[in-house]
Amino acid sequence: MAKIIDGKEISANVKAQVKAEAEQLKAQGIEIGLAVVIVGNNPASRVYVNNKKKACEAVGFDSYEYALPEETTQAELLELVEKLNADDKVNGILVQLPLPKHIDENAIINAILPSKDVDAFHPENVGHIMIGDFSFLPCTPAGVMEMLKQTGIDVGGKNCVVIGRSNIVGKPMAMLLLHKNATVTICHSHTKNLAEVCSKADVLVAAVGKADFVTPDMIKEGAVVIDVGMNRRENGKLCGDVDYDACFEKAGYITPVPGGVGPMTIAMLMKNTLTAAKLKNNIK
Ligand code: GUN
């Protein structure tokens, strides 16, 4: 039977630490601010943005929301990013993805000042991650690593399989596991014998975006199963990429959805925003 890795509890530890450090900075007259930009009416994005604002409040950061209409042009969004780059009150800039189709996401990500890029999506920060010399880590993979750390799971020498190769999760996830000396395999839609590859994993990270994609035949007895998925069933209920109930007996550790990786992503965003403020003020 699996032990549950509780993302709510672990994220609360991270946020408590961020809050304590933010209070110390405040005592020195340093306020911390995060700008959150949302374009259009994607309901999931709206929920994420609201949660990010709430987290800012909980740790004592100022949050500045910019909710722009769906018709916003790329030039208008770039103008806002430039304004936020130049704004001293703003330590971190988060442009919620996905953006409407007429806007080139890469053009927007590239315009964010790397020192305010708390998502760690800018190519400069991605490069730093690749060589293992980074200030910001992408929030979701960093959240997964923090869960493993606080659970006492050392991935060194272990067989880790990541399903999914997105720039936001799969690729950086693989890199962070590699930095901790894991043997890493990335699976994706072209992978042959995907179930068999997954079934050899000591640590399996699912970032596919398909409900119940991971079934018990795909996991090794006692494996650590991390579910990055955030899907909605037809009845509106939130679920991950792992068939949780079916895999529960076989896994050694498992993360639930909700209450697993999701809250960690937001906690790591707070941590990155604190890091941005410390860097700006030359505080170690
Ligand atoms: N959309 C889904 N996840 C994320 C994230 O971590 N950051 C941003 N900016 N957009 C997202």
# chains A, B, ... in the order shown; residues from 1 in each chain; ligands from 1
>>> residues_near_ligand(ligand="ligand 1", cutoff="8 Å", atoms="only C-alpha atoms and all ligand atoms", output="list in words")
Ser45, Tyr48, Leu94, Val95, Gln96, Leu97, Pro98, Asp119, Pro138, Cys139, Thr140, Ile168 and Thr265 of chain A
>>> residues_around(residues="Gln17 in chain A", least_positions_apart="2", cutoff="12 Å", atoms="only C-alpha atoms", output="PyMOL selection string")
chain A and resi 10-15+19-24+58-60+267-268+270-271+274
>>> select_by_dssp(residues="range 130-207 of chain A", states="helix (DSSP H, G or I)", output="PyMOL selection string")
chain A and resi 130-131+139-151+170-179+194-198
>>> residues_around(residues="Ala120 in chain A", least_positions_apart="6", cutoff="9 Å", atoms="only C-alpha atoms", output="ChimeraX atom specification")
/A:114,126,129,135-139,168,272
>>> residues_around(residues="Ser115 in chain A", least_positions_apart="2", cutoff="7 Å", atoms="only C-alpha atoms", output="PyMOL selection string")
chain A and resi 113+117+276
>>> atom_distance(atom1="CA of Pro172 in chain A", atom2="CA of Gly7 in chain A")
19.7 Å
>>> residues_around(residues="range 175-187 of chain A", least_positions_apart="3", cutoff="7 Å", atoms="only C-alpha atoms", output="PyMOL selection string")
chain A and resi 130+132+155-165+171-172+191+194
>>> write_last_selection(atoms="C-alpha atoms", output="compact mmCIF listing (two decimals), in the first residue's frame")
# COMPACT_ATOMS: atom_id res chain seq x y z
CA MET A 130 20.88 22.91 -18.28
CA GLY A 132 23.24 23.32 -13.26
CA VAL A 155 17.01 9.62 -6.58
CA GLY A 156 20.78 9.10 -6.93
CA GLY A 157 21.44 6.05 -9.11
CA LYS A 158 17.71 5.32 -9.41
CA ASN A 159 15.88 4.64 -12.62
CA CYS A 160 13.60 7.67 -13.10
CA VAL A 161 11.11 7.86 -15.95
CA VAL A 162 9.36 11.09 -16.94
CA ILE A 163 6.31 10.79 -19.20
CA GLY A 164 5.96 14.03 -21.17
CA ARG A 165 8.51 16.33 -22.81
CA LYS A 171 12.30 18.53 -20.05
CA PRO A 172 13.29 20.53 -16.94
CA THR A 191 7.99 6.07 -27.36
CA LEU A 194 5.93 2.93 -23.13
>>> closest_residue(among="A:Ala201, A:Ile5, A:Val49, A:Leu269", to="Val36 in chain A", atoms="only C-alpha atoms")
A:Val49
>>> residues_around(residues="Arg232 in chain A", least_positions_apart="4", cutoff="10 Å", atoms="only C-alpha atoms", output="ChimeraX atom specification")
/A:44,209-211,236-240
>>> closest_residue(among="A:Asn85, A:Asn91, A:Glu146, A:Met218", to="Glu9 in chain A", atoms="only C-alpha atoms")
A:Glu146
>>> residues_around(residues="range 247-257 of chain A", least_positions_apart="3", cutoff="9 Å", atoms="only C-alpha atoms", output="MDAnalysis selection string")
chainID A and resid 1:7 214:217 219:230 238:244 260:262
>>> closest_residue(among="A:Val118, A:Asn42, A:Ser199, A:Asn167", to="Gly92 in chain A", atoms="only C-alpha atoms")
A:Val118
>>> closest_residue(among="A:Asn50, A:Ala35, A:Ile153, A:Asp87", to="Tyr66 in chain A", atoms="only C-alpha atoms")
A:Ala35
